[in-house]
>>> print(open('work-v9.cif').read())   # mmCIF, C-alpha atoms
data_model
#
loop_
_atom_site.group_PDB
_atom_site.id
_atom_site.type_symbol
_atom_site.label_atom_id
_atom_site.label_comp_id
_atom_site.auth_asym_id
_atom_site.auth_seq_id
_atom_site.Cartn_x
_atom_site.Cartn_y
_atom_site.Cartn_z
ATOM 1 C CA MET Z 1 44.771 116.270 -145.353
ATOM 2 C CA SER Z 2 41.137 117.429 -145.312
ATOM 3 C CA VAL Z 3 39.805 118.895 -148.547
ATOM 4 C CA ALA Z 4 36.855 120.619 -146.844
ATOM 5 C CA LEU Z 5 36.915 124.403 -147.235
ATOM 6 C CA ASP Z 6 35.480 126.483 -144.392
ATOM 7 C CA PRO Z 7 33.665 129.800 -145.036
ATOM 8 C CA ARG Z 8 34.380 130.769 -141.418
ATOM 9 C CA TRP Z 9 38.134 130.993 -141.943
ATOM 10 C CA THR Z 10 39.673 134.416 -141.523
ATOM 11 C CA PRO Z 11 40.732 136.089 -144.784
ATOM 12 C CA GLN Z 12 44.358 135.500 -143.858
ATOM 13 C CA ARG Z 13 43.884 131.777 -143.258
ATOM 14 C CA SER Z 14 41.807 131.447 -146.416
ATOM 15 C CA ALA Z 15 44.618 133.054 -148.409
ATOM 16 C CA ARG Z 16 47.175 130.676 -146.879
ATOM 17 C CA VAL Z 17 45.057 127.653 -147.736
ATOM 18 C CA GLY Z 18 44.459 129.033 -151.228
ATOM 19 C CA LYS Z 19 48.165 129.483 -151.796
ATOM 20 C CA ASP Z 20 48.915 125.962 -150.533
ATOM 21 C CA LEU Z 21 46.246 124.508 -152.852
ATOM 22 C CA ALA Z 22 47.308 126.517 -155.896
ATOM 23 C CA TRP Z 23 51.046 125.979 -155.437
ATOM 24 C CA SER Z 24 50.528 122.243 -154.852
ATOM 25 C CA TRP Z 25 48.354 122.021 -157.957
ATOM 26 C CA LEU Z 26 50.858 123.911 -160.105
ATOM 27 C CA THR Z 27 53.662 121.663 -158.863
ATOM 28 C CA LEU Z 28 51.607 118.512 -159.507
ATOM 29 C CA ASN Z 29 51.065 119.637 -163.091
ATOM 30 C CA ARG Z 30 54.679 120.763 -163.575
ATOM 31 C CA LEU Z 31 53.682 124.360 -164.143
ATOM 32 C CA PRO Z 32 55.871 127.235 -162.907
ATOM 33 C CA LEU Z 33 54.937 129.227 -159.848
ATOM 34 C CA PRO Z 34 54.217 132.954 -160.184
ATOM 35 C CA ASP Z 35 57.281 135.177 -159.848
ATOM 36 C CA GLU Z 36 55.586 137.523 -157.377
ATOM 37 C CA LEU Z 37 52.675 137.217 -154.942
ATOM 38 C CA HIS Z 38 51.293 140.157 -152.945
ATOM 39 C CA LEU Z 39 48.556 139.556 -150.387
ATOM 40 C CA ASP Z 40 47.804 143.146 -149.391
ATOM 41 C CA ARG Z 41 47.227 146.453 -151.141
ATOM 42 C CA GLU Z 42 50.218 148.150 -149.535
ATOM 43 C CA SER Z 43 52.811 145.753 -150.951
ATOM 44 C CA ALA Z 44 51.030 145.576 -154.321
ATOM 45 C CA GLY Z 45 50.950 149.356 -154.714
ATOM 46 C CA LYS Z 46 49.360 150.759 -157.872
ATOM 47 C CA PHE Z 47 49.496 147.294 -159.426
ATOM 48 C CA LEU Z 48 46.219 146.484 -157.605
ATOM 49 C CA ARG Z 49 43.518 149.061 -158.297
ATOM 50 C CA LYS Z 50 41.230 150.174 -155.472
ATOM 51 C CA THR Z 51 38.128 148.541 -156.966
ATOM 52 C CA TRP Z 52 39.787 145.154 -157.636
ATOM 53 C CA LEU Z 53 40.054 142.208 -155.264
ATOM 54 C CA GLY Z 54 42.823 140.622 -157.317
ATOM 55 C CA VAL Z 55 44.965 141.083 -160.403
ATOM 56 C CA HIS Z 56 47.465 139.208 -162.556
ATOM 57 C CA SER Z 57 50.078 140.573 -164.938
ATOM 58 C CA SER Z 58 52.502 138.788 -167.239
ATOM 59 C CA LYS Z 59 54.393 141.751 -168.649
ATOM 60 C CA ARG Z 60 57.949 140.995 -169.761
ATOM 61 C CA ARG Z 61 57.173 137.325 -169.113
ATOM 62 C CA ARG Z 62 57.186 137.968 -165.377
ATOM 63 C CA SER Z 63 54.073 136.611 -163.690
ATOM 64 C CA ARG Z 64 52.742 138.782 -160.861
ATOM 65 C CA ILE Z 65 49.662 138.214 -158.690
ATOM 66 C CA ALA Z 66 48.148 140.491 -156.076
ATOM 67 C CA VAL Z 67 45.116 139.855 -153.843
ATOM 68 C CA ALA Z 68 43.506 142.332 -151.442
ATOM 69 C CA VAL Z 69 43.031 139.674 -148.767
ATOM 70 C CA ASP Z 70 41.501 141.979 -146.152
ATOM 71 C CA ASP Z 71 38.788 143.065 -148.604
ATOM 72 C CA CYS Z 72 37.632 139.575 -149.571
ATOM 73 C CA ASP Z 73 34.149 138.661 -148.331
ATOM 74 C CA PHE Z 74 33.630 135.423 -146.401
ATOM 75 C CA SER Z 75 29.907 135.432 -145.757
ATOM 76 C CA GLY Z 76 27.527 133.309 -147.784
ATOM 77 C CA ARG Z 77 26.169 136.408 -149.474
ATOM 78 C CA PHE Z 78 28.232 138.760 -151.616
ATOM 79 C CA ASP Z 79 26.770 142.152 -152.537
ATOM 80 C CA THR Z 80 27.652 143.633 -155.931
ATOM 81 C CA PRO Z 81 26.154 146.398 -158.091
ATOM 82 C CA ASN Z 82 24.422 143.641 -160.099
ATOM 83 C CA GLY Z 83 22.749 141.924 -157.169
ATOM 84 C CA VAL Z 84 23.353 139.515 -154.311
ATOM 85 C CA PHE Z 85 25.164 136.245 -154.954
ATOM 86 C CA ILE Z 86 25.385 133.160 -152.769
ATOM 87 C CA GLN Z 87 29.005 132.121 -152.558
ATOM 88 C CA ALA Z 88 31.487 130.058 -150.576
ATOM 89 C CA PRO Z 89 35.052 128.775 -150.900
ATOM 90 C CA GLY Z 90 34.991 125.935 -153.410
ATOM 91 C CA SER Z 91 31.568 126.822 -154.820
ATOM 92 C CA PHE Z 92 30.703 128.057 -158.318
ATOM 93 C CA GLU Z 93 30.677 131.639 -156.971
ATOM 94 C CA ASP Z 94 33.702 132.260 -154.770
ATOM 95 C CA HIS Z 95 34.906 135.700 -153.710
ATOM 96 C CA SER Z 96 36.894 134.488 -150.715
ATOM 97 C CA ALA Z 97 40.618 135.188 -150.552
ATOM 98 C CA LEU Z 98 41.124 131.536 -151.472
ATOM 99 C CA GLY Z 99 38.874 131.827 -154.506
ATOM 100 C CA VAL Z 100 40.314 135.131 -155.701
ATOM 101 C CA LEU Z 101 43.866 133.811 -155.406
ATOM 102 C CA CYS Z 102 43.061 130.626 -157.334
ATOM 103 C CA HIS Z 103 41.256 132.714 -159.979
ATOM 104 C CA GLU Z 104 44.373 134.831 -160.501
ATOM 105 C CA VAL Z 105 46.416 131.633 -160.723
ATOM 106 C CA GLY Z 106 44.062 130.743 -163.573
ATOM 107 C CA HIS Z 107 45.267 133.827 -165.451
ATOM 108 C CA HIS Z 108 48.828 132.809 -164.641
ATOM 109 C CA VAL Z 109 48.207 129.408 -166.242
ATOM 110 C CA ASP Z 110 46.536 130.996 -169.287
ATOM 111 C CA TYR Z 111 49.614 133.107 -170.039
ATOM 112 C CA THR Z 112 52.055 130.360 -169.070
ATOM 113 C CA LEU Z 113 50.585 128.064 -171.709
ATOM 114 C CA ASN Z 114 50.735 130.835 -174.316
ATOM 115 C CA PRO Z 115 52.356 134.291 -173.859
ATOM 116 C CA LYS Z 116 49.411 135.788 -175.770
ATOM 117 C CA ALA Z 117 46.845 133.794 -173.728
ATOM 118 C CA TYR Z 118 46.028 130.176 -174.424
ATOM 119 C CA SER Z 119 42.299 130.818 -173.964
ATOM 120 C CA ARG Z 120 41.979 132.983 -177.062
ATOM 121 C CA SER Z 121 44.293 130.967 -179.308
ATOM 122 C CA LYS Z 122 42.584 129.150 -182.182
ATOM 123 C CA VAL Z 123 44.254 125.861 -181.294
ATOM 124 C CA SER Z 124 42.649 125.797 -177.845
ATOM 125 C CA GLY Z 125 39.054 125.786 -179.069
ATOM 126 C CA PHE Z 126 38.099 127.438 -175.793
ATOM 127 C CA ALA Z 127 36.102 130.220 -177.457
ATOM 128 C CA ASP Z 128 33.849 127.695 -179.182
ATOM 129 C CA LEU Z 129 33.488 125.743 -175.953
ATOM 130 C CA ILE Z 130 32.202 128.634 -173.858
ATOM 131 C CA ASP Z 131 29.706 129.531 -176.566
ATOM 132 C CA CYS Z 132 28.104 126.117 -176.079
ATOM 133 C CA GLU Z 133 28.309 125.705 -172.303
ATOM 134 C CA ALA Z 134 26.850 127.788 -169.471
ATOM 135 C CA GLU Z 135 29.121 130.061 -167.460
ATOM 136 C CA ILE Z 136 30.607 128.956 -164.171
ATOM 137 C CA SER Z 137 30.042 132.288 -162.454
ATOM 138 C CA ASP Z 138 29.111 135.901 -163.009
ATOM 139 C CA GLU Z 139 32.811 136.756 -163.245
ATOM 140 C CA GLU Z 140 32.937 135.515 -166.847
ATOM 141 C CA TYR Z 141 32.661 138.798 -168.728
ATOM 142 C CA ASN Z 142 35.345 137.832 -171.276
ATOM 143 C CA ILE Z 143 37.209 134.744 -172.455
ATOM 144 C CA HIS Z 144 40.180 135.328 -170.133
ATOM 145 C CA GLU Z 145 37.910 135.450 -167.075
ATOM 146 C CA SER Z 146 36.126 132.303 -168.252
ATOM 147 C CA PHE Z 147 39.417 130.415 -168.412
ATOM 148 C CA ALA Z 148 40.538 131.738 -165.024
ATOM 149 C CA GLU Z 149 37.253 130.631 -163.448
ATOM 150 C CA ALA Z 150 37.629 127.151 -164.948
ATOM 151 C CA ILE Z 151 41.101 126.813 -163.436
ATOM 152 C CA ARG Z 152 39.895 128.237 -160.124
ATOM 153 C CA LEU Z 153 37.186 125.586 -159.767
ATOM 154 C CA PHE Z 154 39.509 122.859 -161.096
ATOM 155 C CA ILE Z 155 41.873 123.640 -158.206
ATOM 156 C CA THR Z 156 39.332 124.141 -155.417
ATOM 157 C CA ASN Z 157 36.538 121.668 -156.253
ATOM 158 C CA PRO Z 158 37.373 119.492 -159.278
ATOM 159 C CA ASP Z 159 34.351 117.205 -158.930
ATOM 160 C CA LEU Z 160 32.031 120.213 -159.107
ATOM 161 C CA LEU Z 161 33.681 121.365 -162.334
ATOM 162 C CA MET Z 162 33.481 117.864 -163.817
ATOM 163 C CA ARG Z 163 29.788 117.496 -163.000
ATOM 164 C CA GLY Z 164 28.717 121.069 -163.637
ATOM 165 C CA ARG Z 165 30.746 122.124 -166.663
ATOM 166 C CA PRO Z 166 31.942 118.880 -168.295
ATOM 167 C CA ALA Z 167 33.166 120.500 -171.534
ATOM 168 C CA ARG Z 168 35.585 122.667 -169.595
ATOM 169 C CA TRP Z 169 36.672 119.620 -167.601
ATOM 170 C CA GLU Z 170 37.319 117.636 -170.777
ATOM 171 C CA LEU Z 171 39.425 120.419 -172.287
ATOM 172 C CA LEU Z 172 41.559 120.815 -169.169
ATOM 173 C CA THR Z 173 42.066 117.105 -168.551
ATOM 174 C CA ARG Z 174 42.155 115.557 -172.024
ATOM 175 C CA GLN Z 175 43.498 118.368 -174.205
ATOM 176 C CA LEU Z 176 45.861 119.923 -171.678
ATOM 177 C CA GLY Z 177 46.486 116.816 -169.574
ATOM 178 C CA LEU Z 178 45.947 118.631 -166.277
ATOM 179 C CA ARG Z 179 45.350 116.603 -163.123
ATOM 180 C CA PRO Z 180 43.240 117.478 -160.077
ATOM 181 C CA LEU Z 181 44.632 117.518 -156.561
ATOM 182 C CA HIS Z 182 41.977 115.033 -155.407
ATOM 183 C CA VAL Z 183 38.870 113.170 -156.571
ATOM 184 C CA LYS Z 184 36.615 113.848 -153.575
ATOM 185 C CA GLY Z 185 32.957 114.646 -154.255
ATOM 186 C CA TRP Z 186 31.863 118.276 -154.321
ATOM 187 C CA LYS Z 187 29.769 117.857 -151.167
ATOM 188 C CA VAL Z 188 32.881 116.799 -149.246
ATOM 189 C CA VAL Z 189 34.628 120.040 -150.231
ATOM 190 C CA LEU Z 190 31.539 122.076 -149.279
ATOM 191 C CA GLN Z 191 30.576 120.114 -146.171
ATOM 192 C CA LYS Z 192 31.211 123.128 -143.908
ATOM 193 C CA ALA Z 193 29.219 125.544 -146.062
ATOM 194 C CA PRO Z 194 25.643 126.513 -145.090
ATOM 195 C CA LYS Z 195 22.750 124.460 -146.478
ATOM 196 C CA TYR Z 196 21.648 127.316 -148.732
ATOM 197 C CA VAL Z 197 25.021 127.081 -150.518
ATOM 198 C CA HIS Z 198 24.342 123.396 -151.235
ATOM 199 C CA SER Z 199 20.880 124.312 -152.526
ATOM 200 C CA ALA Z 200 22.409 126.955 -154.799
ATOM 201 C CA VAL Z 201 24.926 124.425 -156.129
ATOM 202 C CA GLU Z 202 22.158 121.892 -156.857
ATOM 203 C CA TRP Z 203 20.353 124.592 -158.836
ATOM 204 C CA TRP Z 204 23.580 125.494 -160.686
ATOM 205 C CA LEU Z 205 24.164 121.853 -161.627
ATOM 206 C CA GLN Z 206 20.878 121.788 -163.503
ATOM 207 C CA ASP Z 207 22.574 123.849 -166.241
ATOM 208 C CA ALA Z 208 25.106 121.060 -166.872
#
>>> encode(input="work-v9.cif", output="structure tokens")
Amino acid sequence: MSVALDPRWTPQRSARVGKDLAWSWLTLNRLPLPDELHLDRESAGKFLRKTWLGVHSSKRRRSRIAVAVDDCDFSGRFDTPNGVFIQAPGSFEDHSALGVLCHEVGHHVDYTLNPKAYSRSKVSGFADLIDCEAEISDEEYNIHESFAEAIRLFITNPDLLMRGRPARWELLTRQLGLRPLHVKGWKVVLQKAPKYVHSAVEWWLQDA
């Protein structure tokens, strides 16, 4: 099976591929699947706020994920109130349906490992780690988002995480014993992305 992720996929196909990747990765690592998955705002209801692309909840130890698939952007440029970001499925910035879904799976993993969030537990050492290593993306506005982004990239482009944020990679693989779905190079995963995405990734890797 090809590991290349295509920015030209429709939101619906991207979500399907994201689910297949995330569910396969969870199964490989003997982690439970989420109890609920909603891929549209209508089925998610008030659970998914209008301004959010995705959300995770673990109330009453029931893991729920919702993604507004139709609202996820698939171009190489993503406009936000803070500026324009270059992004693509499997890159360090990823606002595709695939990326959003795998990010929410990251929250699922965080609360599966510890009902009060593994990322902020003292035993994890994750707080100290992110103080000493650059962020993966601009989504990291708190420790929970940082952990979710690490899992997201671990699922979608493990080689990029290993090369770009090695401390996160070491924690996930050595401390938690997690395994990647494949060991293909990051350029193989991003081979269908525009050249400017590759240039942005090369720049991002300089922070490693």
>>> closest_atom_pairs(input="work-v9.cif", of="range 83-196 of chain Z", to="range 47-68 of chain Z", cutoff="7 Å", atoms="only C-alpha atoms", output="Markdown table")
| residue | atom | partner | partner_atom | distance |
| --- | --- | --- | --- | --- |
| Z:Val100 | CA | Z:Gly54 | CA | 6.2 |
| Z:Leu101 | CA | Z:Val67 | CA | 6.4 |
| Z:Glu104 | CA | Z:His56 | CA | 5.7 |
| Z:His107 | CA | Z:His56 | CA | 6.5 |
| Z:His108 | CA | Z:Ser63 | CA | 6.5 |
| Z:Tyr111 | CA | Z:Ser58 | CA | 7.0 |
>>> write_last_selection(input="work-v9.cif", atoms="C-alpha atoms", output="short mmCIF file (atom, residue, chain, number, x, y, z; two decimals), keeping the file's coordinate frame")
data_model
loop_
_atom_site.label_atom_id
_atom_site.label_comp_id
_atom_site.auth_asym_id
_atom_site.auth_seq_id
_atom_site.Cartn_x
_atom_site.Cartn_y
_atom_site.Cartn_z
CA VAL Z 100 40.31 135.13 -155.70
CA LEU Z 101 43.87 133.81 -155.41
CA GLU Z 104 44.37 134.83 -160.50
CA HIS Z 107 45.27 133.83 -165.45
CA HIS Z 108 48.83 132.81 -164.64
CA TYR Z 111 49.61 133.11 -170.04
#
>>> closest_residue(input="work-v9.cif", among="Z:Val123, Z:Leu161, Z:Ala167, Z:Ala200", to="Trp186 in chain Z", atoms="only C-alpha atoms")
Z:Leu161
>>> closest_residue(input="work-v9.cif", among="Z:Glu140, Z:Glu149, Z:Glu133, Z:Asp35", to="Ser91 in chain Z", atoms="all atoms listed in the file")
Z:Glu149
>>> closest_residue(input="work-v9.cif", among="Z:His198, Z:Arg152, Z:Arg168, Z:Arg8", to="Gly125 in chain Z", atoms="all atoms listed in the file")
Z:Arg168
>>> resolve_selection(input="work-v9.cif", expression="the PyMOL selection byres ((chain Z and resi 23) around 12)", output="ChimeraX atom specification")
/Z:15-22,24-35,37,101-102,105-106,108-109,155-156,181
>>> build_atoms(input="work-v9.cif", residues="range 130-157 of chain Z", atoms="N, CA and C atoms", output="PDB file, in the coordinates of the input")
ATOM      1  N   ILE Z 130      33.012 127.812-174.757  1.00  0.00           N
ATOM      2  CA  ILE Z 130      32.202 128.634-173.858  1.00  0.00           C
ATOM      3  C   ILE Z 130      30.964 129.200-174.534  1.00  0.00           C
ATOM      4  N   ASP Z 131      30.923 129.134-175.864  1.00  0.00           N
ATOM      5  CA  ASP Z 131      29.706 129.531-176.566  1.00  0.00           C
ATOM      6  C   ASP Z 131      28.625 128.468-176.439  1.00  0.00           C
ATOM      7  N   CYS Z 132      29.045 127.246-176.117  1.00  0.00           N
ATOM      8  CA  CYS Z 132      28.104 126.117-176.079  1.00  0.00           C
ATOM      9  C   CYS Z 132      27.820 125.609-174.662  1.00  0.00           C
ATOM     10  N   GLU Z 133      28.494 126.169-173.675  1.00  0.00           N
ATOM     11  CA  GLU Z 133      28.309 125.705-172.303  1.00  0.00           C
ATOM     12  C   GLU Z 133      28.056 126.894-171.383  1.00  0.00           C
ATOM     13  N   ALA Z 134      27.191 126.709-170.401  1.00  0.00           N
ATOM     14  CA  ALA Z 134      26.850 127.788-169.471  1.00  0.00           C
ATOM     15  C   ALA Z 134      28.077 128.265-168.696  1.00  0.00           C
ATOM     16  N   GLU Z 135      28.026 129.496-168.243  1.00  0.00           N
ATOM     17  CA  GLU Z 135      29.121 130.061-167.460  1.00  0.00           C
ATOM     18  C   GLU Z 135      29.234 129.369-166.107  1.00  0.00           C
ATOM     19  N   ILE Z 136      30.421 129.439-165.537  1.00  0.00           N
ATOM     20  CA  ILE Z 136      30.607 128.956-164.171  1.00  0.00           C
ATOM     21  C   ILE Z 136      30.062 129.976-163.187  1.00  0.00           C
ATOM     22  N   SER Z 137      30.431 131.237-163.389  1.00  0.00           N
ATOM     23  CA  SER Z 137      30.042 132.288-162.454  1.00  0.00           C
ATOM     24  C   SER Z 137      29.785 133.593-163.194  1.00  0.00           C
ATOM     25  N   ASP Z 138      29.373 134.586-162.425  1.00  0.00           N
ATOM     26  CA  ASP Z 138      29.111 135.901-163.009  1.00  0.00           C
ATOM     27  C   ASP Z 138      30.390 136.692-163.261  1.00  0.00           C
ATOM     28  N   GLU Z 139      31.534 136.098-162.974  1.00  0.00           N
ATOM     29  CA  GLU Z 139      32.811 136.756-163.245  1.00  0.00           C
ATOM     30  C   GLU Z 139      33.235 136.616-164.705  1.00  0.00           C
ATOM     31  N   GLU Z 140      32.508 135.829-165.480  1.00  0.00           N
ATOM     32  CA  GLU Z 140      32.937 135.515-166.847  1.00  0.00           C
ATOM     33  C   GLU Z 140      32.462 136.567-167.855  1.00  0.00           C
ATOM     34  N   TYR Z 141      33.054 137.744-167.790  1.00  0.00           N
ATOM     35  CA  TYR Z 141      32.661 138.798-168.728  1.00  0.00           C
ATOM     36  C   TYR Z 141      33.559 138.862-169.960  1.00  0.00           C
ATOM     37  N   ASN Z 142      34.578 138.010-170.035  1.00  0.00           N
ATOM     38  CA  ASN Z 142      35.345 137.832-171.276  1.00  0.00           C
ATOM     39  C   ASN Z 142      36.023 136.462-171.236  1.00  0.00           C
ATOM     40  N   ILE Z 143      36.652 136.091-172.330  1.00  0.00           N
ATOM     41  CA  ILE Z 143      37.209 134.744-172.455  1.00  0.00           C
ATOM     42  C   ILE Z 143      38.329 134.476-171.446  1.00  0.00           C
ATOM     43  N   HIS Z 144      39.098 135.495-171.109  1.00  0.00           N
ATOM     44  CA  HIS Z 144      40.180 135.328-170.133  1.00  0.00           C
ATOM     45  C   HIS Z 144      39.620 135.001-168.749  1.00  0.00           C
ATOM     46  N   GLU Z 145      38.527 135.699-168.376  1.00  0.00           N
ATOM     47  CA  GLU Z 145      37.910 135.450-167.075  1.00  0.00           C
ATOM     48  C   GLU Z 145      37.263 134.071-167.045  1.00  0.00           C
ATOM     49  N   SER Z 146      36.724 133.642-168.186  1.00  0.00           N
ATOM     50  CA  SER Z 146      36.126 132.303-168.252  1.00  0.00           C
ATOM     51  C   SER Z 146      37.180 131.222-168.003  1.00  0.00           C
ATOM     52  N   PHE Z 147      38.348 131.395-168.608  1.00  0.00           N
ATOM     53  CA  PHE Z 147      39.417 130.415-168.412  1.00  0.00           C
ATOM     54  C   PHE Z 147      39.907 130.433-166.966  1.00  0.00           C
ATOM     55  N   ALA Z 148      40.063 131.623-166.405  1.00  0.00           N
ATOM     56  CA  ALA Z 148      40.538 131.738-165.024  1.00  0.00           C
ATOM     57  C   ALA Z 148      39.557 131.096-164.052  1.00  0.00           C
ATOM     58  N   GLU Z 149      38.261 131.249-164.309  1.00  0.00           N
ATOM     59  CA  GLU Z 149      37.253 130.631-163.448  1.00  0.00           C
ATOM     60  C   GLU Z 149      37.277 129.108-163.571  1.00  0.00           C
ATOM     61  N   ALA Z 150      37.531 128.599-164.769  1.00  0.00           N
ATOM     62  CA  ALA Z 150      37.629 127.151-164.948  1.00  0.00           C
ATOM     63  C   ALA Z 150      38.802 126.579-164.153  1.00  0.00           C
ATOM     64  N   ILE Z 151      39.937 127.257-164.200  1.00  0.00           N
ATOM     65  CA  ILE Z 151      41.101 126.813-163.436  1.00  0.00           C
ATOM     66  C   ILE Z 151      40.837 126.942-161.940  1.00  0.00           C
ATOM     67  N   ARG Z 152      40.213 128.028-161.551  1.00  0.00           N
ATOM     68  CA  ARG Z 152      39.895 128.237-160.124  1.00  0.00           C
ATOM     69  C   ARG Z 152      39.087 127.076-159.559  1.00  0.00           C
ATOM     70  N   LEU Z 153      38.021 126.675-160.262  1.00  0.00           N
ATOM     71  CA  LEU Z 153      37.186 125.586-159.767  1.00  0.00           C
ATOM     72  C   LEU Z 153      37.885 124.234-159.909  1.00  0.00           C
ATOM     73  N   PHE Z 154      38.725 124.088-160.921  1.00  0.00           N
ATOM     74  CA  PHE Z 154      39.509 122.859-161.096  1.00  0.00           C
ATOM     75  C   PHE Z 154      40.424 122.646-159.892  1.00  0.00           C
ATOM     76  N   ILE Z 155      40.984 123.731-159.366  1.00  0.00           N
ATOM     77  CA  ILE Z 155      41.873 123.640-158.206  1.00  0.00           C
ATOM     78  C   ILE Z 155      41.086 123.390-156.925  1.00  0.00           C
ATOM     79  N   THR Z 156      40.009 124.144-156.716  1.00  0.00           N
ATOM     80  CA  THR Z 156      39.332 124.141-155.417  1.00  0.00           C
ATOM     81  C   THR Z 156      38.292 123.042-155.256  1.00  0.00           C
ATOM     82  N   ASN Z 157      37.589 122.677-156.350  1.00  0.00           N
ATOM     83  CA  ASN Z 157      36.538 121.668-156.253  1.00  0.00           C
ATOM     84  C   ASN Z 157      36.394 120.958-157.597  1.00  0.00           C
TER      85      ASN Z 157
END
